[in-house]
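File shown here: final-v8.cif, holding mmCIF, C-alpha atoms.
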```cif
data_query
#
loop_
_atom_site.label_atom_id
_atom_site.label_comp_id
_atom_site.auth_asym_id
_atom_site.auth_seq_id
_atom_site.Cartn_x
_atom_site.Cartn_y
_atom_site.Cartn_z
CA MET E 1057 111.17 91.72 6.46
CA PHE E 1058 111.54 90.43 10.06
CA ARG E 1059 107.75 90.36 10.40
CA ASP E 1060 107.43 88.28 7.21
CA THR E 1061 110.05 85.81 8.43
CA VAL E 1062 108.26 85.40 11.76
CA LYS E 1063 104.87 85.03 10.03
CA ASN E 1064 106.25 82.32 7.73
CA LEU E 1065 107.70 80.41 10.71
CA LEU E 1066 104.39 80.77 12.55
CA ASP E 1067 102.46 79.47 9.53
CA GLU E 1068 104.80 76.48 9.29
CA GLY E 1069 104.31 75.70 12.98
CA LEU E 1070 100.52 75.91 12.61
CA LYS E 1071 100.64 73.60 9.56
CA GLN E 1072 102.26 70.96 11.77
CA ARG E 1073 99.48 71.35 14.35
CA GLU E 1074 96.22 71.67 12.44
CA ASP E 1075 94.21 71.61 15.70
CA LEU E 1076 95.66 75.05 16.55
CA PHE E 1077 94.75 78.31 14.83
CA LEU E 1078 95.84 81.93 14.95
CA ILE E 1079 93.77 84.57 16.73
CA ASP E 1080 96.19 87.51 16.73
CA PHE E 1081 99.74 88.20 15.55
CA ASP E 1082 101.76 91.37 16.00
CA VAL E 1083 105.38 92.46 15.74
CA LEU E 1084 106.06 95.83 17.36
CA SER E 1085 108.80 98.29 16.35
CA ASP E 1086 111.09 96.99 19.14
CA ASN E 1087 110.77 93.45 17.68
CA SER E 1088 108.42 92.30 20.43
CA ILE E 1089 106.44 89.42 18.96
CA LYS E 1090 103.00 88.68 20.41
CA ILE E 1091 101.01 85.70 19.22
CA ILE E 1092 97.60 84.57 20.48
CA ILE E 1093 96.44 81.09 19.49
CA ASP E 1094 93.41 78.94 20.12
CA GLY E 1095 92.69 75.29 19.47
CA ASP E 1096 89.79 73.10 18.52
CA ASN E 1097 90.30 71.26 21.82
CA GLY E 1098 91.62 74.18 23.84
CA VAL E 1099 95.26 75.20 24.28
CA LEU E 1100 97.75 73.69 26.69
CA VAL E 1101 101.03 75.22 27.85
CA GLU E 1102 102.77 72.62 25.66
CA ASP E 1103 100.94 73.99 22.60
CA CYS E 1104 102.23 77.51 23.32
CA MET E 1105 105.72 76.08 23.81
CA PHE E 1106 105.49 74.22 20.48
CA ILE E 1107 104.62 77.42 18.56
CA SER E 1108 107.23 79.41 20.48
CA ARG E 1109 109.95 76.89 19.62
CA ALA E 1110 108.86 76.71 15.98
CA ILE E 1111 109.68 80.40 15.74
CA GLU E 1112 112.49 80.96 18.23
CA HIS E 1113 114.63 78.00 17.15
CA ASN E 1114 114.62 79.26 13.55
CA LEU E 1115 115.66 82.86 14.27
CA ASP E 1116 119.21 84.00 14.96
CA ARG E 1117 119.46 86.28 18.00
CA GLU E 1118 122.87 87.42 16.72
CA GLU E 1119 121.15 88.93 13.67
CA GLN E 1120 117.99 90.21 15.32
CA ASP E 1121 117.19 90.90 18.95
CA PHE E 1122 113.56 90.07 19.78
CA SER E 1123 111.17 89.03 22.51
CA LEU E 1124 108.52 86.40 21.92
CA GLU E 1125 105.23 85.88 23.74
CA VAL E 1126 102.82 83.09 22.77
CA LEU E 1127 99.47 83.13 24.59
CA SER E 1128 96.23 81.21 24.45
CA ALA E 1129 92.96 83.03 23.90
CA GLY E 1130 91.46 83.61 27.34
CA ALA E 1131 87.99 82.66 28.45
CA THR E 1132 86.82 86.27 28.17
CA THR E 1133 88.56 86.98 24.86
CA PRO E 1134 86.03 87.98 22.16
CA LEU E 1135 85.45 85.35 19.47
CA THR E 1136 87.04 86.39 16.18
CA ASN E 1137 87.45 83.14 14.26
CA LYS E 1138 84.69 80.85 12.95
CA ARG E 1139 86.48 77.87 14.48
CA GLN E 1140 86.02 79.46 17.91
CA TYR E 1141 82.26 79.36 17.44
CA LEU E 1142 82.39 75.69 16.43
CA LYS E 1143 84.34 74.74 19.54
CA ASN E 1144 81.93 76.66 21.79
CA VAL E 1145 78.68 75.02 20.63
CA GLY E 1146 76.65 74.29 23.76
CA ARG E 1147 77.98 77.27 25.72
CA THR E 1148 76.23 80.57 26.46
CA LEU E 1149 77.31 83.51 24.31
CA SER E 1150 76.70 87.22 24.45
CA VAL E 1151 76.48 88.57 20.91
CA LYS E 1152 76.35 92.21 19.87
CA THR E 1153 75.19 92.74 16.31
CA THR E 1154 76.06 95.52 13.90
CA ASP E 1155 72.61 97.07 14.50
CA ASN E 1156 73.45 97.42 18.26
CA GLN E 1157 71.23 94.55 19.35
CA THR E 1158 72.63 92.41 22.18
CA LEU E 1159 71.52 88.80 22.44
CA GLU E 1160 72.47 86.23 25.05
CA GLY E 1161 71.72 82.58 24.57
CA LYS E 1162 73.02 79.08 24.13
CA LEU E 1163 75.01 78.54 20.95
CA THR E 1164 73.28 75.51 19.45
CA GLN E 1165 74.74 75.54 15.93
CA ALA E 1166 77.65 77.07 14.04
CA ASP E 1167 78.64 76.57 10.42
CA GLU E 1168 80.64 78.45 7.79
CA ASP E 1169 78.03 81.22 7.37
CA LYS E 1170 76.06 81.68 10.59
CA ILE E 1171 75.36 80.75 14.19
CA LEU E 1172 72.12 79.85 15.97
CA LEU E 1173 71.42 81.14 19.47
CA GLU E 1174 68.55 79.84 21.64
CA TRP E 1175 67.19 81.22 24.91
CA LYS E 1176 64.07 81.23 27.06
CA THR E 1177 62.17 84.35 28.06
CA ARG E 1178 59.04 85.17 30.03
CA GLU E 1179 56.29 86.93 28.07
CA PRO E 1180 52.72 87.94 28.88
CA LYS E 1181 50.11 85.28 28.11
CA PRO E 1182 48.20 85.92 24.87
CA VAL E 1183 44.94 85.63 26.83
CA GLY E 1184 44.49 86.35 30.52
CA LYS E 1185 46.87 87.43 33.23
CA GLY E 1186 50.31 86.10 33.99
CA LYS E 1187 53.33 85.13 31.98
CA VAL E 1188 54.44 82.11 30.03
CA THR E 1189 57.95 80.85 29.23
CA VAL E 1190 58.73 81.05 25.52
CA LYS E 1191 61.69 79.51 23.71
CA LYS E 1192 63.26 81.90 21.21
CA GLN E 1193 66.06 81.60 18.71
CA ALA E 1194 68.05 83.84 16.41
CA GLU E 1195 70.06 82.94 13.35
CA ILE E 1196 72.96 85.39 13.05
CA THR E 1197 75.36 85.62 10.13
CA TYR E 1198 79.02 86.26 10.95
CA ASP E 1199 79.07 89.52 8.98
CA THR E 1200 76.41 90.99 11.31
CA ILE E 1201 78.33 90.15 14.51
CA SER E 1202 80.29 93.10 15.87
CA GLN E 1203 81.37 91.29 19.05
CA ALA E 1204 80.76 87.92 20.66
CA GLN E 1205 82.13 86.26 23.73
CA VAL E 1206 81.47 83.31 25.98
CA VAL E 1207 79.48 84.12 29.12
CA ILE E 1208 81.02 82.54 32.19
CA LYS E 1209 78.55 81.76 34.94
CA PHE E 1210 79.50 80.66 38.43
#
```

Before we go any further, please render this structure as structure tokens.
Amino acid sequence: MFRDTVKNLLDEGLKQREDLFLIDFDVLSDNSIKIIIDGDNGVLVEDCMFISRAIEHNLDREEQDFSLEVLSAGATTPLTNKRQYLKNVGRTLSVKTTDNQTLEGKLTQADEDKILLEWKTREPKPVGKGKVTVKKQAEITYDTISQAQVVIKF
């Protein structure tokens, strides 16, 4: 029942801020609430505070003792929501597929059904010695992605 109340308050808060979306939500047996959010334009501390207040200000600590933690999805957090792919178009992703293939490339497109990765590789020339740079791409449907995350290069 407590979990449902918190989830309803969370949903209401997210309705007021349509640029934010839920990545993970959990209520543990000791009433520790952990919420991870992301946003179409990133997440600021103020966004976490907004969601935290939307929940905390509508719960009575006299009735229920709880702790509340609202976090933003980190840079190395795996992508789990289609909206995360949309906001990361143009960045390099590492994608592991359900058939254990790992691809790394620039995310050039993302829609409701699939993503498109592009990368360059060096391959032997068809005729003669040496190698040539070839541009490759892969269209990957969301249901064949087992894990994906942004690659951070320094």

Identify which of the residues E:Thr1158, E:Gln1203, E:Thr1133, E:Gln1072 lies closest to Ile1107 (chain E), counting only C-alpha atoms when measuring atom-to-atom distances.
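When distances to Ile1107 (chain E) are compared using only C-alpha atoms, the smallest one comes from E:Gln1072.
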
Do you know which residues are at most 9 Å from Phe1058 (chain E) counting only C-alpha atoms, after dropping those on the same chain fewer than 4 positions away, and could you put them as a PyMOL selection string?
chain E and resi 1062-1063+1083+1087+1120

Deliver the residues from the most recent selection as a file, using C-alpha atoms, as a compact mmCIF listing (two decimals), keeping the file's coordinate frame.
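Final file, selection-v9.txt:
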```txt
# COMPACT_ATOMS: atom_id res chain seq x y z
CA VAL E 1062 108.26 85.40 11.76
CA LYS E 1063 104.87 85.03 10.03
CA VAL E 1083 105.38 92.46 15.74
CA ASN E 1087 110.77 93.45 17.68
CA GLN E 1120 117.99 90.21 15.32
```

Residue nearest Glu1125 (chain E) - candidates E:Val1145, E:Ile1091, E:Leu1100, E:Met1057, atoms counted: only C-alpha atoms:
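The shortest atom-to-atom distance to Glu1125 (chain E) comes from E:Ile1091.
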
Chain and number of each residue from the PyMOL selection byres ((chain E and resi 1208) around 9), as a list in words
Ala1131, Thr1132, Arg1147, Thr1148, Leu1149, Val1206, Val1207, Lys1209 and Phe1210 of chain E

Rank E:Phe1122, E:Thr1189, E:Leu1159, E:Asp1116 by their smallest atom-to-atom distance to Leu1084 (chain E), using all atoms listed in the file, and report the top residue only.
E:Phe1122

Residues around (59.4, 78.3, 24.3), cut-off 10 Å, counting all atoms listed in the file - what are they as a short mmCIF file (atom, residue, chain, number, x, y, z; two decimals) with C-alpha atoms, in the coordinates of the input?
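The new file out27.cif reads:
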```cif
data_model
loop_
_atom_site.label_atom_id
_atom_site.label_comp_id
_atom_site.auth_asym_id
_atom_site.auth_seq_id
_atom_site.Cartn_x
_atom_site.Cartn_y
_atom_site.Cartn_z
CA GLU E 1174 68.55 79.84 21.64
CA TRP E 1175 67.19 81.22 24.91
CA LYS E 1176 64.07 81.23 27.06
CA THR E 1177 62.17 84.35 28.06
CA ARG E 1178 59.04 85.17 30.03
CA GLU E 1179 56.29 86.93 28.07
CA VAL E 1188 54.44 82.11 30.03
CA THR E 1189 57.95 80.85 29.23
CA VAL E 1190 58.73 81.05 25.52
CA LYS E 1191 61.69 79.51 23.71
CA LYS E 1192 63.26 81.90 21.21
CA GLN E 1193 66.06 81.60 18.71
#
```

Measure the distance from CA of Lys1090 (chain E) to CA of Glu1168 (chain E) in Å and round it to one decimal.
27.6 Å
